[in-house]
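Trainee: What follows is query.cif; its format and atoms are mmCIF, C-alpha atoms and all ligand atoms.
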data_coords
#
loop_
_atom_site.label_atom_id
_atom_site.label_comp_id
_atom_site.auth_asym_id
_atom_site.auth_seq_id
_atom_site.Cartn_x
_atom_site.Cartn_y
_atom_site.Cartn_z
CA MET J 30 -176.74 -110.38 -117.80
CA VAL J 31 -178.68 -110.49 -121.06
CA ARG J 32 -181.59 -108.81 -119.34
CA ALA J 33 -179.30 -106.14 -117.93
CA LEU J 34 -177.90 -105.37 -121.38
CA HIS J 35 -181.36 -105.37 -122.85
CA PHE J 36 -182.46 -102.91 -120.21
CA VAL J 37 -179.47 -100.66 -120.78
CA GLN J 38 -180.11 -100.60 -124.51
CA ARG J 39 -183.72 -99.63 -124.10
CA LEU J 40 -183.06 -97.03 -121.44
CA ARG J 41 -184.27 -93.69 -122.65
CA LEU J 42 -186.60 -91.23 -121.21
CA PHE J 43 -190.05 -91.95 -121.80
CA GLU J 44 -192.27 -89.49 -123.43
CA LEU J 45 -194.26 -89.68 -120.24
CA LEU J 46 -192.65 -87.14 -118.02
CA PRO J 47 -194.64 -86.45 -114.93
CA PHE J 48 -196.06 -83.00 -115.35
CA LYS J 49 -199.20 -83.94 -113.50
CA ALA J 50 -198.12 -86.35 -110.83
CA PRO J 51 -195.14 -85.35 -108.74
CA THR J 52 -194.04 -88.96 -108.51
CA ARG J 53 -194.52 -92.10 -110.57
CA PRO J 54 -194.22 -95.77 -109.72
CA PHE J 55 -190.70 -97.03 -110.35
CA THR J 56 -191.99 -99.89 -112.49
CA ASP J 57 -193.69 -97.40 -114.87
CA CYS J 58 -190.40 -95.63 -115.46
CA PHE J 59 -187.84 -98.38 -115.35
CA GLY J 60 -189.91 -101.45 -116.14
CA GLY J 61 -187.90 -104.61 -116.73
CA LEU J 62 -185.35 -103.84 -114.06
CA GLU J 63 -187.20 -106.13 -111.66
CA LYS J 64 -186.07 -109.05 -113.79
CA VAL J 65 -182.39 -108.14 -113.68
CA GLU J 66 -180.35 -110.47 -111.48
CA ALA J 67 -178.37 -107.67 -109.83
CA VAL J 68 -181.65 -106.13 -108.66
CA ARG J 69 -183.09 -109.45 -107.51
CA GLN J 70 -179.96 -109.94 -105.42
CA ILE J 71 -180.86 -106.78 -103.51
CA PHE J 72 -184.50 -107.49 -102.73
CA GLY J 73 -184.88 -111.23 -103.28
CA GLU J 74 -188.47 -112.43 -103.37
CA ARG J 75 -189.69 -108.97 -102.46
CA THR J 76 -188.27 -107.42 -105.65
CA GLU J 77 -191.59 -106.93 -107.47
CA GLU J 78 -193.37 -105.70 -104.38
CA VAL J 79 -190.68 -103.18 -103.43
CA LEU J 80 -190.29 -101.80 -106.94
CA ARG J 81 -194.05 -101.55 -107.41
CA ASN J 82 -194.28 -99.46 -104.28
CA LEU J 83 -191.20 -97.36 -104.94
CA ARG J 84 -192.01 -93.84 -106.15
CA VAL J 85 -189.79 -91.87 -108.50
CA GLU J 86 -189.67 -88.10 -108.53
CA PHE J 87 -188.18 -86.45 -111.61
CA THR J 88 -186.48 -83.19 -111.14
CA TRP J 89 -185.20 -80.75 -113.73
CA MET J 90 -182.34 -79.86 -111.47
CA ARG J 91 -178.95 -81.00 -112.60
CA GLY J 92 -177.32 -83.84 -110.75
CA TYR J 93 -177.74 -87.58 -110.88
CA MET J 94 -180.05 -89.47 -108.60
CA ARG J 95 -180.49 -90.07 -104.92
CA VAL J 96 -182.80 -91.60 -102.36
CA SER J 97 -184.80 -89.38 -100.04
CA ASN J 98 -183.81 -89.95 -96.44
CA VAL J 99 -187.30 -88.81 -95.43
CA ASP J 100 -189.48 -91.43 -97.12
CA GLY J 101 -187.09 -93.50 -99.22
CA HIS J 102 -188.38 -92.45 -102.64
CA LEU J 103 -186.02 -92.07 -105.57
CA ILE J 104 -185.22 -88.61 -106.91
CA VAL J 105 -183.87 -88.60 -110.44
CA SER J 106 -182.56 -85.83 -112.66
CA SER J 107 -184.46 -85.99 -115.95
CA TYR J 108 -181.53 -84.33 -117.66
CA TYR J 109 -179.19 -87.05 -116.46
CA VAL J 110 -181.44 -89.92 -117.55
CA ASN J 111 -181.91 -88.30 -120.95
CA ASN J 112 -178.36 -87.23 -121.57
CA GLY J 113 -176.12 -89.28 -119.33
CA ASP J 114 -174.20 -92.33 -120.43
CA LYS J 115 -176.69 -95.21 -120.39
CA VAL J 116 -174.36 -97.62 -118.62
CA ASP J 117 -173.67 -94.98 -115.96
CA VAL J 118 -177.39 -94.41 -115.50
CA TYR J 119 -177.98 -98.13 -115.21
CA LEU J 120 -175.22 -98.56 -112.62
CA ASP J 121 -176.55 -95.58 -110.70
CA LEU J 122 -179.97 -97.21 -110.57
CA ILE J 123 -178.38 -100.35 -109.15
CA HIS J 124 -176.50 -98.21 -106.63
CA GLU J 125 -179.60 -96.29 -105.58
CA LEU J 126 -181.68 -99.44 -105.23
CA VAL J 127 -179.18 -100.62 -102.62
CA HIS J 128 -179.92 -97.37 -100.77
CA VAL J 129 -183.66 -98.10 -101.08
CA LYS J 130 -183.04 -101.44 -99.38
CA GLN J 131 -180.93 -99.76 -96.70
CA PHE J 132 -183.70 -97.25 -96.09
CA ILE J 133 -186.24 -100.05 -95.68
CA GLU J 134 -183.88 -101.67 -93.17
CA GLY J 135 -183.81 -98.44 -91.19
CA LYS J 136 -180.19 -97.60 -91.91
CA LYS J 137 -179.00 -94.04 -91.78
CA LEU J 138 -178.25 -93.09 -95.39
CA PHE J 139 -176.32 -89.89 -94.79
CA ASP J 140 -174.29 -90.66 -91.70
CA SER J 141 -172.09 -87.61 -91.29
CA ASP J 142 -169.77 -89.47 -88.93
CA TYR J 143 -168.15 -90.77 -92.09
CA SER J 144 -166.73 -89.14 -95.17
CA TYR J 145 -168.61 -89.96 -98.36
CA ALA J 146 -166.11 -92.52 -99.60
CA GLU J 147 -165.97 -94.32 -96.25
CA ARG J 148 -169.65 -94.32 -95.34
CA PRO J 149 -170.73 -97.97 -95.00
CA THR J 150 -174.00 -97.38 -96.86
CA GLU J 151 -172.11 -95.82 -99.79
CA VAL J 152 -169.45 -98.51 -99.87
CA GLN J 153 -172.12 -101.22 -99.95
CA ALA J 154 -174.01 -99.47 -102.77
CA TYR J 155 -170.83 -98.93 -104.79
CA GLN J 156 -169.71 -102.52 -104.22
CA HIS J 157 -172.91 -103.82 -105.71
CA ALA J 158 -172.74 -101.45 -108.70
CA VAL J 159 -169.09 -102.29 -109.34
CA GLU J 160 -169.85 -106.00 -109.18
CA GLU J 161 -172.52 -105.48 -111.83
CA ALA J 162 -170.14 -103.35 -113.91
CA ARG J 163 -167.64 -106.18 -113.90
CA ARG J 164 -170.38 -108.62 -114.87
CA LEU J 165 -171.13 -106.37 -117.83
CA GLY J 166 -167.47 -106.62 -118.79
CA LEU J 167 -166.39 -103.07 -117.97
CA SER J 168 -162.67 -102.54 -117.52
CA ASP J 169 -161.19 -101.06 -114.35
CA GLU J 170 -160.44 -97.91 -116.29
CA ARG J 171 -164.05 -97.60 -117.38
CA ILE J 172 -165.32 -98.35 -113.87
CA CYS J 173 -162.99 -95.71 -112.54
CA LYS J 174 -164.43 -93.22 -115.00
CA TYR J 175 -167.87 -94.17 -113.73
CA LEU J 176 -166.83 -93.56 -110.13
CA LYS J 177 -165.40 -90.15 -110.88
CA THR J 178 -167.83 -87.31 -110.41
CA GLU J 179 -167.12 -83.60 -110.46
CA TRP J 180 -167.98 -83.19 -106.79
CA MET J 181 -165.64 -85.91 -105.60
CA SER J 182 -162.08 -84.90 -104.85
CA ASN J 183 -159.23 -86.90 -106.35
CA GLU J 184 -158.36 -88.02 -102.86
CA SER J 185 -161.88 -89.36 -102.22
CA LEU J 186 -161.91 -91.09 -105.58
CA LYS J 187 -158.62 -92.80 -104.82
CA GLN J 188 -159.88 -93.83 -101.42
CA LEU J 189 -163.13 -95.19 -102.83
CA ALA J 190 -161.33 -97.03 -105.64
CA ARG J 191 -158.98 -98.60 -103.09
CA VAL J 192 -161.88 -99.82 -100.95
CA LEU J 193 -163.64 -101.21 -104.03
CA LYS J 194 -160.43 -102.71 -105.41
CA VAL J 195 -160.78 -100.83 -108.68
CA LYS J 196 -157.50 -99.94 -110.34
CA CYS J 197 -157.66 -96.34 -111.42
CA PRO J 198 -155.06 -95.02 -113.84
CA HIS J 199 -152.82 -92.43 -112.22
ZN ZN F 1 -174.96 -93.52 -102.80
#
Translate this structure into structure tokens?
Mentor:
Amino acid sequence: MVRALHFVQRLRLFELLPFKAPTRPFTDCFGGLEKVEAVRQIFGERTEEVLRNLRVEFTWMRGYMRVSNVDGHLIVSSYYVNNGDKVDVYLDLIHELVHVKQFIEGKKLFDSDYSYAERPTEVQAYQHAVEEARRLGLSDERICKYLKTEWMSNESLKQLARVLKVKCPH
């Protein structure tokens, strides 16, 4: 908890943007996250090892972040990390790390048999992020704001919030 807050407070983009290397080790970019309980819950004893081997690609394209379904590396919008709400960025990192774990386990990250809000891999990632949000003391209203993105329909948001048991204001 304290470590999580400490991490959130320090989160800012690094003068060291990767003009030379296309990807950087996760631990160079988001060092300290390996000590956060919510992250350790995902990877257990393998936390350091997984994060050391995880590569991060920064892109100037708008958007948030996602995990490559080809090799499991993390793709992050530099704009988002620099300008997004720090708590949102932190929760997104938690969410994406669940996807990293799923990728390692051989799960299909973008299973088109499901809608976004119902996809088991998404629900699991959101559940973990919401749990952490609650641990940080975020209200349901604030969590709902976090869940809402411009590409998600109101219907999907409602559906997702229902699954996650987050009370969104009407
Ligand atoms: Zn996701």
Trainee: Residues within 7 Å of range 125-140 of chain J, please, as a list of chain:residue names. Count all atoms listed in the file; anything in the same chain fewer than 6 positions from it doesn't count.
Mentor: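 These residues fall inside the cut-off: J:Ile71, J:Arg95, J:Val96, J:Asn98, J:Gly101, J:Arg148, J:Thr150, J:Ala154.
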Trainee: Around all the atoms of range 63-81 of chain J listed in the file, with 5 Å of room on each side, what axis-aligned box do you get, giving centre and edge lengths in Å to one decimal, as AutoDock Vina command-line options?
Mentor:
--center_x -186.2 --center_y -107.0 --center_z -108.1 --size_x 25.7 --size_y 20.9 --size_z 21.3
Trainee: So how many Å separate atom ZN of ligand ZN 1 (chain F) and CA of Ser107 in chain J, to one decimal?
Mentor: 17.9 Å
Trainee: Set the distance at 12 Å and use only C-alpha atoms: which residues neighbour Trp180 in chain J once local chain neighbours fewer than 3 positions away are removed? I'd like the list as a PyMOL selection string.
Mentor: chain J and resi 92-93+145-146+176-177+183-186
Trainee: Please compute the CA of Val110 in chain J-CA of Leu193 in chain J distance, one decimal, in Å.
Mentor: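 These atoms are spaced 25.0 Å apart.
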Trainee: List the neighbours of Tyr155 in chain J out to 10 Å using only C-alpha atoms; skip same-chain residues closer than 3 positions along the sequence, and give me the result as a ChimeraX atom specification.
Mentor: /J:120-121,123-125,127,146,149-152,158-161,176,189-190,192-193
Trainee: Within 10 Å of (-183.6, -103.0, -118.5), in the coordinates the file gives, what residues turn up when you count only C-alpha atoms, written out as a list of chain:residue names?
Mentor: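 Looking at atoms near the point gives J:Val31, J:Arg32, J:Ala33, J:Leu34, J:His35, J:Phe36, J:Val37, J:Gln38, J:Arg39, J:Leu40, J:Phe59, J:Gly60, J:Gly61, J:Leu62, J:Glu63, J:Lys64, J:Val65, J:Tyr119.
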